[in-house]
Every structure is written in structure tokens, then in C-alpha cells.
file my_file-v1.cif (mmCIF, C-alpha atoms)
data_input
loop_
_atom_site.label_atom_id
_atom_site.label_comp_id
_atom_site.auth_asym_id
_atom_site.auth_seq_id
_atom_site.Cartn_x
_atom_site.Cartn_y
_atom_site.Cartn_z
CA MET A 11 74.55 -16.33 -177.51
CA SER A 12 72.01 -18.93 -176.55
CA SER A 13 68.58 -19.94 -177.69
CA GLN A 14 65.54 -17.94 -176.69
CA GLY A 15 62.23 -19.33 -175.65
CA ASP A 16 62.47 -22.84 -174.22
CA GLY A 17 64.58 -24.36 -176.97
CA ILE A 18 62.23 -26.63 -178.87
CA ALA A 19 58.71 -25.31 -179.35
CA GLU A 20 55.65 -27.37 -178.41
CA LEU A 21 53.32 -26.94 -181.36
CA PRO A 22 49.83 -28.04 -182.35
CA PRO A 23 49.26 -30.50 -185.21
CA PRO A 24 49.87 -28.97 -188.69
CA PRO A 25 48.99 -27.08 -190.72
CA PHE A 26 50.32 -23.82 -189.33
CA TRP A 27 52.90 -21.29 -190.53
CA ALA A 28 56.60 -20.70 -189.94
CA VAL A 29 58.64 -17.54 -190.43
CA ILE A 30 62.30 -18.52 -190.89
CA PHE A 31 64.53 -15.51 -190.18
CA THR A 32 68.23 -16.10 -190.87
CA SER A 33 70.64 -13.27 -190.16
CA GLU A 34 74.27 -12.31 -189.80
CA ARG A 35 74.99 -9.91 -186.96
CA GLY A 36 77.52 -7.13 -187.25
CA GLU A 37 79.52 -5.95 -184.24
CA SER A 38 78.25 -6.65 -180.75
CA ASP A 39 75.74 -4.08 -179.50
CA PRO A 40 74.04 -4.29 -176.09
CA SER A 41 71.01 -2.45 -177.47
CA TYR A 42 70.47 -5.37 -179.82
CA ASP A 43 70.20 -7.91 -177.03
CA ALA A 44 67.64 -5.81 -175.18
CA MET A 45 65.59 -5.31 -178.33
CA ALA A 46 65.76 -8.99 -179.27
CA SER A 47 64.46 -10.02 -175.85
CA ARG A 48 61.72 -7.42 -176.03
CA MET A 49 60.65 -8.55 -179.51
CA THR A 50 60.52 -12.20 -178.43
CA ALA A 51 58.28 -11.33 -175.48
CA LEU A 52 56.12 -9.03 -177.59
CA ALA A 53 55.71 -11.63 -180.37
CA ALA A 54 54.67 -14.22 -177.80
CA SER A 55 51.81 -11.96 -176.72
CA GLN A 56 50.39 -11.53 -180.25
CA PRO A 57 47.24 -13.27 -181.51
CA GLY A 58 48.03 -16.48 -183.36
CA PHE A 59 51.57 -16.86 -181.97
CA LEU A 60 52.30 -20.58 -181.46
CA GLY A 61 55.98 -20.69 -180.49
CA VAL A 62 59.54 -19.67 -181.35
CA GLU A 63 62.92 -21.33 -181.70
CA SER A 64 65.98 -19.10 -181.85
CA VAL A 65 69.72 -19.77 -181.89
CA ARG A 66 72.76 -17.63 -182.64
CA GLY A 67 76.18 -19.16 -183.17
CA ALA A 68 79.56 -17.80 -182.15
CA ASP A 69 80.19 -16.66 -185.73
CA GLY A 70 77.23 -14.25 -185.67
CA ILE A 71 74.87 -16.32 -187.82
CA GLY A 72 71.44 -16.72 -186.26
CA ILE A 73 68.24 -18.56 -187.11
CA THR A 74 64.91 -17.68 -185.53
CA VAL A 75 61.83 -19.67 -186.50
CA SER A 76 58.53 -18.30 -185.23
CA TYR A 77 55.34 -20.29 -185.65
CA TRP A 78 51.91 -18.80 -186.31
CA ARG A 79 48.36 -19.96 -186.75
CA SER A 80 47.75 -18.09 -190.01
CA LEU A 81 49.21 -15.73 -192.62
CA GLN A 82 46.94 -13.02 -191.23
CA ASP A 83 48.58 -13.35 -187.82
CA ILE A 84 52.01 -13.01 -189.45
CA ALA A 85 50.89 -9.92 -191.37
CA ARG A 86 49.50 -8.33 -188.20
CA TRP A 87 52.76 -8.91 -186.31
CA ARG A 88 54.72 -7.53 -189.24
CA GLN A 89 52.70 -4.33 -189.04
CA HIS A 90 52.96 -3.95 -185.26
CA ALA A 91 54.35 -0.44 -184.60
CA GLU A 92 57.07 -1.46 -182.16
CA HIS A 93 58.11 -4.37 -184.35
CA GLN A 94 58.41 -2.04 -187.32
CA VAL A 95 60.84 0.16 -185.37
CA ALA A 96 62.89 -2.91 -184.45
CA ARG A 97 62.94 -4.12 -188.05
CA GLN A 98 64.12 -0.73 -189.25
CA LEU A 99 66.97 -0.73 -186.69
CA GLY A 100 67.83 -4.28 -187.72
CA ARG A 101 68.15 -3.30 -191.35
CA GLU A 102 70.13 -0.12 -190.64
CA ARG A 103 72.34 -1.12 -187.76
CA TRP A 104 72.36 -4.69 -186.55
CA TYR A 105 72.38 -7.08 -189.47
CA ARG A 106 74.96 -7.41 -192.19
CA ARG A 107 72.61 -9.63 -194.11
CA PHE A 108 69.35 -11.40 -193.49
CA ALA A 109 66.69 -13.46 -195.23
CA VAL A 110 63.05 -14.07 -194.31
CA ARG A 111 61.11 -17.08 -195.58
CA VAL A 112 57.44 -17.71 -194.90
CA ALA A 113 56.43 -21.35 -195.07
CA ARG A 114 53.37 -23.47 -194.45
CA VAL A 115 54.21 -26.36 -192.12
CA GLU A 116 52.60 -29.47 -193.54
CA ARG A 117 53.91 -32.18 -191.21
CA MET B 16 79.70 -24.05 -182.49
CA SER B 17 79.27 -22.14 -185.68
CA SER B 18 77.01 -22.26 -188.69
CA GLN B 19 77.60 -24.72 -191.47
CA GLY B 20 77.35 -24.02 -195.14
CA ASP B 21 77.88 -20.36 -195.98
CA GLY B 22 75.53 -18.87 -193.41
CA ILE B 23 72.58 -17.58 -195.37
CA ALA B 24 71.47 -19.77 -198.27
CA GLU B 25 71.00 -18.36 -201.77
CA LEU B 26 67.71 -19.84 -202.91
CA PRO B 27 65.56 -19.80 -206.04
CA PRO B 28 62.16 -18.09 -206.07
CA PRO B 29 59.46 -19.98 -204.11
CA PRO B 30 57.77 -22.36 -203.98
CA PHE B 31 60.21 -24.92 -202.60
CA TRP B 32 60.41 -26.93 -199.38
CA ALA B 33 62.12 -26.51 -196.03
CA VAL B 34 62.98 -29.14 -193.42
CA ILE B 35 63.33 -27.40 -190.04
CA PHE B 36 65.32 -29.62 -187.67
CA THR B 37 65.57 -28.30 -184.10
CA SER B 38 67.57 -30.30 -181.60
CA GLU B 39 69.14 -30.29 -178.17
CA ARG B 40 72.56 -31.92 -177.97
CA GLY B 41 73.66 -34.03 -175.06
CA GLU B 42 77.29 -34.17 -173.96
CA SER B 43 80.02 -33.19 -176.37
CA ASP B 44 81.09 -36.03 -178.68
CA PRO B 45 83.75 -35.65 -181.39
CA SER B 46 82.08 -38.36 -183.45
CA TYR B 47 79.03 -36.11 -183.71
CA ASP B 48 80.95 -33.25 -185.30
CA ALA B 49 82.46 -35.55 -187.90
CA MET B 50 79.09 -37.07 -188.72
CA ALA B 51 77.37 -33.68 -188.90
CA SER B 52 79.95 -32.41 -191.38
CA ARG B 53 79.65 -35.59 -193.43
CA MET B 54 75.85 -35.35 -193.50
CA THR B 55 75.94 -31.70 -194.60
CA ALA B 56 78.27 -32.56 -197.47
CA LEU B 57 76.26 -35.64 -198.41
CA ALA B 58 72.94 -33.74 -198.34
CA ALA B 59 74.43 -31.07 -200.59
CA SER B 60 75.18 -33.72 -203.23
CA GLN B 61 71.60 -35.08 -203.32
CA PRO B 62 69.14 -34.38 -206.15
CA GLY B 63 66.88 -31.44 -205.37
CA PHE B 64 69.05 -30.00 -202.60
CA LEU B 65 68.85 -26.19 -202.71
CA GLY B 66 70.75 -25.04 -199.63
CA VAL B 67 71.18 -25.32 -195.87
CA GLU B 68 71.38 -22.97 -192.90
CA SER B 69 72.63 -24.39 -189.61
CA VAL B 70 73.46 -22.88 -186.24
CA ARG B 71 74.11 -24.34 -182.79
CA GLY B 72 74.21 -22.15 -179.69
CA ALA B 73 76.41 -22.46 -176.64
CA ASP B 74 73.51 -24.03 -174.71
CA GLY B 75 73.33 -27.02 -177.07
CA ILE B 76 70.20 -25.98 -178.94
CA GLY B 77 70.60 -26.15 -182.70
CA ILE B 78 68.49 -25.29 -185.73
CA THR B 79 69.25 -26.66 -189.19
CA VAL B 80 67.01 -25.66 -192.08
CA SER B 81 67.62 -27.54 -195.32
CA TYR B 82 65.86 -26.47 -198.49
CA TRP B 83 64.65 -28.81 -201.22
CA ARG B 84 62.99 -28.62 -204.59
CA SER B 85 60.23 -31.13 -203.78
CA LEU B 86 58.78 -33.48 -201.17
CA GLN B 87 60.07 -36.38 -203.27
CA ASP B 88 63.62 -35.07 -202.90
CA ILE B 89 63.14 -34.87 -199.12
CA ALA B 90 61.76 -38.41 -199.00
CA ARG B 91 64.70 -39.72 -201.04
CA TRP B 92 67.23 -38.06 -198.73
CA ARG B 93 65.39 -39.42 -195.71
CA GLN B 94 65.78 -42.93 -197.09
CA HIS B 95 69.46 -42.58 -198.01
CA ALA B 96 71.28 -45.48 -196.33
CA GLU B 97 74.08 -43.44 -194.76
CA HIS B 98 71.63 -40.80 -193.57
CA GLN B 99 69.50 -43.47 -191.94
CA VAL B 100 72.50 -44.66 -189.93
CA ALA B 101 73.20 -41.07 -188.83
CA ARG B 102 69.57 -40.52 -187.85
CA GLN B 103 69.61 -43.69 -185.77
CA LEU B 104 72.76 -42.57 -183.96
CA GLY B 105 71.21 -39.16 -183.44
CA ARG B 106 68.15 -40.64 -181.78
CA GLU B 107 70.11 -43.08 -179.62
CA ARG B 108 73.17 -41.10 -178.68
CA TRP B 109 73.46 -37.47 -179.66
CA TYR B 110 70.17 -35.70 -179.13
CA ARG B 111 68.28 -35.24 -175.91
CA ARG B 112 65.30 -34.00 -177.86
CA PHE B 113 64.56 -32.99 -181.41
CA ALA B 114 61.71 -31.95 -183.68
CA VAL B 115 61.41 -32.07 -187.46
CA ARG B 116 58.98 -29.89 -189.39
CA VAL B 117 58.45 -30.04 -193.12
CA ALA B 118 57.14 -26.81 -194.64
CA ARG B 119 56.37 -25.40 -198.06
CA VAL B 120 58.09 -22.04 -198.53
CA GLU B 121 55.57 -19.70 -200.11
CA ARG B 122 57.45 -16.40 -200.09
#
call {"tool": "encode", "arguments": {"input": "my_file-v1.cif", "output": "C-alpha cells"}}
result
Amino acid sequence: MSSQGDGIAELPPPPFWAVIFTSERGESDPSYDAMASRMTALAASQPGFLGVESVRGADGIGITVSYWRSLQDIARWRQHAEHQVARQLGRERWYRRFAVRVARVER
Amino acid sequence: MSSQGDGIAELPPPPFWAVIFTSERGESDPSYDAMASRMTALAASQPGFLGVESVRGADGIGITVSYWRSLQDIARWRQHAEHQVARQLGRERWYRRFAVRVARVER
């Protein structure tokens, strides 16, 4: 699979926040691709969204880094109803393993 | 190309630091693959190295997140002689574009 967004995000000067989502996909599932595209578009429309970089390798490991203006913006996106459904499906069906790290970009 | 390291890093409780390196590769070059493997192994032997997650997609976009105990550890790795040679080659030969973000992982 390829990167989403435009590859390398154009971002404002720090500080801002990054959510680093690393995951291992299970078997291929067309419903995943549709949901991933939808979530990328939906995230990009949220308040405080600054950009996203996303890559998945042939071995199923993927890294998505989304960038946000504040922790509050991240919390709001986390609580978005449609995103919560997607996260639940991710946990139950799509990901073998994943990790989420929230970090403050300093430079 | 696939992920390097073991996919998803096992990390200690925060806080620690992340270096998010996003890049776009130019044409395929076997010398790049050898250097990338060497740099991953060399980074893993540095003081303060906690883990790495690295993926490159079929479209040439790659994300490598390395995790470190402190900013001092990151600065030391940045100044490592062999790493400096690799970074110079990366700028001149291997990457069309890249961005480096240094972030403090909070949770």
C-alpha cells in the first residue's frame, strides 16, 4: 500500500503535537481500505488538524503520524463518533497489534 | 520494502523522545539499502537508544521513528561520524525530500 496524504506534511513552526500510530495489519480486507481513506479525510476536516503522513509496507506494518495544534484537538478527534466506530473495528478485526504514542514536537 | 527492526517497538513508560524522519526516495539504489541496514544496527548500539519503527511504501515514501531516552542521546547520535556520512549521502543522493521532527513522547 502507499502513503496517504501528500507524502511529507507541510507543518507550521513547533510546538505542535504528533500522534504516532504504528500497527500490524492482519489479512487483507477491502473494508479496511475504505475506512482508512474515510478516516484520513475526516481527520483532515477536524479543528486543529495540521497534517498527516502515512505509510504501510508490504509486510503489513504501518506508521501513521498525524499532527495537531493541541492536546485538546487530539482528544476531540479521539471522541468523534465515527472515529470511535473505526477504532473499535480496528481493535477487533483489522490490527494484530498496534501502539499509539502522543508526543509534543519541539523542533 | 518492509519494516526494519521488529515492527512495533517495545518502549518504556514515557517520557522519552522520538525522532520522526519522513522521506521520499529517488531511484532505487542498492547502496542505499546496505547503508540503511547499517545505520539501523549502528543506531541500536548507541547510548540511550530505545527502539525504532520503520516502514517504506511502494511509492517511495518512508517513515522511520527512532526513540531515545534524552535529547542528549539524540544529539550524540546526530554527531556520530559514520551517521554524518550517511546523512550527507542521503541529502545529496538518496532523498528527493525529507523532514525531521523531534518530539517528546508524553503518553
call {"tool": "resolve_selection", "arguments": {"input": "my_file-v1.cif", "expression": "the PyMOL selection byres ((chain B and resi 66) around 9)", "output": "count of residues only"}}
result
14
call {"tool": "interface_residues", "arguments": {"input": "my_file-v1.cif", "of": "chain A", "to": "chain B", "cutoff": "7 Å", "atoms": "all atoms listed in the file", "output": "PyMOL selection string"}}
result
chain A and resi 11-13+17-18+32+65-69+71-73+111-117
call {"tool": "residues_near_point", "arguments": {"input": "my_file-v1.cif", "point": "(67.9, -8.4, -180.7)", "cutoff": "10 Å", "atoms": "all atoms listed in the file", "output": "list in words"}}
result
Arg35, Asp39, Pro40, Ser41, Tyr42, Asp43, Ala44, Met45, Ala46, Ser47, Arg48, Met49, Thr50, Ala96, Arg97, Leu99, Gly100, Trp104 and Tyr105 of chain A
call {"tool": "atom_distance", "arguments": {"input": "my_file-v1.cif", "atom1": "CA of Arg108 (chain B)", "atom2": "CA of Pro23 (chain A)"}}
result
27.0 Å
call {"tool": "closest_residue", "arguments": {"input": "my_file-v1.cif", "among": "A:Gln98, A:Pro57, A:Gly36, A:Pro22", "to": "Asp83 (chain A)", "atoms": "only C-alpha atoms"}}
result
A:Pro57
call {"tool": "atom_distance", "arguments": {"input": "my_file-v1.cif", "atom1": "CA of Arg101 (chain A)", "atom2": "CA of Ile84 (chain A)"}}
result
18.9 Å
call {"tool": "decode", "arguments": {"input": "my_file-v1.cif", "residues": "region 29-78 of chain A", "atoms": "N, CA and C atoms", "output": "compact mmCIF listing (two decimals), in the first residue's frame"}}
result
# COMPACT_ATOMS: atom_id res chain seq x y z
N VAL A 29 0.59 12.43 16.83
CA VAL A 29 0.09 11.11 17.26
C VAL A 29 0.73 10.08 16.33
N ILE A 30 1.58 9.25 16.92
CA ILE A 30 2.31 8.22 16.16
C ILE A 30 1.56 6.90 16.34
N PHE A 31 0.95 6.44 15.27
CA PHE A 31 0.15 5.20 15.31
C PHE A 31 0.87 4.14 14.48
N THR A 32 1.40 3.12 15.16
CA THR A 32 2.11 2.04 14.49
C THR A 32 1.27 0.78 14.61
N SER A 33 1.08 0.07 13.51
CA SER A 33 0.16 -1.07 13.55
C SER A 33 0.66 -2.20 12.66
N GLU A 34 0.16 -3.38 12.96
CA GLU A 34 0.39 -4.54 12.11
C GLU A 34 -0.96 -5.04 11.63
N ARG A 35 -1.18 -5.00 10.33
CA ARG A 35 -2.43 -5.46 9.74
C ARG A 35 -2.51 -6.98 9.76
N GLY A 36 -3.74 -7.48 9.87
CA GLY A 36 -3.97 -8.90 9.66
C GLY A 36 -4.19 -9.14 8.17
N GLU A 37 -5.08 -10.07 7.85
CA GLU A 37 -5.35 -10.38 6.44
C GLU A 37 -5.95 -9.18 5.72
N SER A 38 -5.75 -9.17 4.41
CA SER A 38 -6.29 -8.09 3.58
C SER A 38 -7.81 -8.04 3.70
N ASP A 39 -8.35 -6.83 3.69
CA ASP A 39 -9.80 -6.66 3.88
C ASP A 39 -10.18 -5.34 3.19
N PRO A 40 -10.94 -5.44 2.10
CA PRO A 40 -11.29 -4.22 1.35
C PRO A 40 -12.00 -3.19 2.22
N SER A 41 -12.75 -3.66 3.22
CA SER A 41 -13.47 -2.70 4.07
C SER A 41 -12.49 -1.85 4.86
N TYR A 42 -11.30 -2.39 5.12
CA TYR A 42 -10.28 -1.60 5.81
C TYR A 42 -9.84 -0.41 4.97
N ASP A 43 -9.55 -0.67 3.70
CA ASP A 43 -9.04 0.41 2.85
C ASP A 43 -10.04 1.56 2.75
N ALA A 44 -11.31 1.19 2.60
CA ALA A 44 -12.35 2.23 2.52
C ALA A 44 -12.41 3.02 3.82
N MET A 45 -12.36 2.32 4.95
CA MET A 45 -12.43 3.02 6.23
C MET A 45 -11.20 3.88 6.47
N ALA A 46 -10.03 3.38 6.07
CA ALA A 46 -8.81 4.16 6.28
C ALA A 46 -8.86 5.46 5.48
N SER A 47 -9.33 5.38 4.24
CA SER A 47 -9.45 6.59 3.43
C SER A 47 -10.44 7.56 4.04
N ARG A 48 -11.55 7.01 4.49
CA ARG A 48 -12.59 7.85 5.10
C ARG A 48 -12.05 8.54 6.36
N MET A 49 -11.31 7.80 7.18
CA MET A 49 -10.79 8.38 8.42
C MET A 49 -9.76 9.47 8.14
N THR A 50 -8.93 9.26 7.11
CA THR A 50 -7.96 10.29 6.75
C THR A 50 -8.67 11.57 6.34
N ALA A 51 -9.69 11.44 5.51
CA ALA A 51 -10.43 12.62 5.05
C ALA A 51 -11.16 13.29 6.22
N LEU A 52 -11.74 12.46 7.09
CA LEU A 52 -12.49 13.02 8.22
C LEU A 52 -11.54 13.72 9.20
N ALA A 53 -10.39 13.12 9.48
CA ALA A 53 -9.41 13.75 10.37
C ALA A 53 -9.00 15.11 9.82
N ALA A 54 -8.78 15.16 8.50
CA ALA A 54 -8.30 16.40 7.88
C ALA A 54 -9.32 17.54 8.00
N SER A 55 -10.56 17.18 8.27
CA SER A 55 -11.60 18.22 8.39
C SER A 55 -11.82 18.66 9.84
N GLN A 56 -11.07 18.07 10.77
CA GLN A 56 -11.28 18.39 12.20
C GLN A 56 -10.55 19.66 12.60
N PRO A 57 -11.07 20.35 13.62
CA PRO A 57 -10.37 21.54 14.13
C PRO A 57 -8.99 21.15 14.67
N GLY A 58 -7.99 21.94 14.33
CA GLY A 58 -6.66 21.72 14.88
C GLY A 58 -5.81 20.73 14.11
N PHE A 59 -6.39 20.09 13.08
CA PHE A 59 -5.61 19.15 12.26
C PHE A 59 -4.58 19.92 11.44
N LEU A 60 -3.31 19.48 11.49
CA LEU A 60 -2.25 20.19 10.77
C LEU A 60 -1.72 19.40 9.57
N GLY A 61 -1.79 18.07 9.65
CA GLY A 61 -1.26 17.27 8.54
C GLY A 61 -1.16 15.82 8.94
N VAL A 62 -0.86 14.96 7.95
CA VAL A 62 -0.71 13.52 8.24
C VAL A 62 0.31 12.93 7.29
N GLU A 63 1.05 11.97 7.81
CA GLU A 63 1.99 11.18 7.00
C GLU A 63 1.69 9.72 7.28
N SER A 64 1.52 8.91 6.26
CA SER A 64 1.07 7.54 6.48
C SER A 64 1.67 6.61 5.45
N VAL A 65 2.27 5.52 5.92
CA VAL A 65 2.90 4.54 5.03
C VAL A 65 2.60 3.15 5.57
N ARG A 66 2.32 2.22 4.64
CA ARG A 66 2.25 0.81 5.05
C ARG A 66 3.16 0.01 4.15
N GLY A 67 3.96 -0.86 4.75
CA GLY A 67 4.90 -1.67 3.98
C GLY A 67 4.27 -2.98 3.54
N ALA A 68 4.98 -3.67 2.67
CA ALA A 68 4.48 -4.93 2.11
C ALA A 68 4.28 -5.99 3.19
N ASP A 69 4.97 -5.85 4.32
CA ASP A 69 4.85 -6.86 5.38
C ASP A 69 3.70 -6.58 6.34
N GLY A 70 2.89 -5.54 6.05
CA GLY A 70 1.72 -5.28 6.88
C GLY A 70 1.95 -4.29 8.01
N ILE A 71 3.21 -3.89 8.24
CA ILE A 71 3.49 -2.89 9.27
C ILE A 71 3.21 -1.50 8.70
N GLY A 72 2.50 -0.68 9.46
CA GLY A 72 2.19 0.67 9.01
C GLY A 72 2.49 1.70 10.08
N ILE A 73 2.88 2.88 9.64
CA ILE A 73 3.05 4.01 10.57
C ILE A 73 2.25 5.17 10.01
N THR A 74 1.39 5.73 10.85
CA THR A 74 0.66 6.95 10.51
C THR A 74 0.97 7.98 11.58
N VAL A 75 1.49 9.13 11.16
CA VAL A 75 1.73 10.22 12.10
C VAL A 75 0.79 11.36 11.73
N SER A 76 -0.12 11.68 12.64
CA SER A 76 -0.98 12.85 12.41
C SER A 76 -0.53 13.97 13.34
N TYR A 77 -0.64 15.19 12.82
CA TYR A 77 -0.13 16.36 13.54
C TYR A 77 -1.28 17.28 13.90
N TRP A 78 -1.24 17.80 15.13
CA TRP A 78 -2.36 18.56 15.69
C TRP A 78 -1.84 19.78 16.43
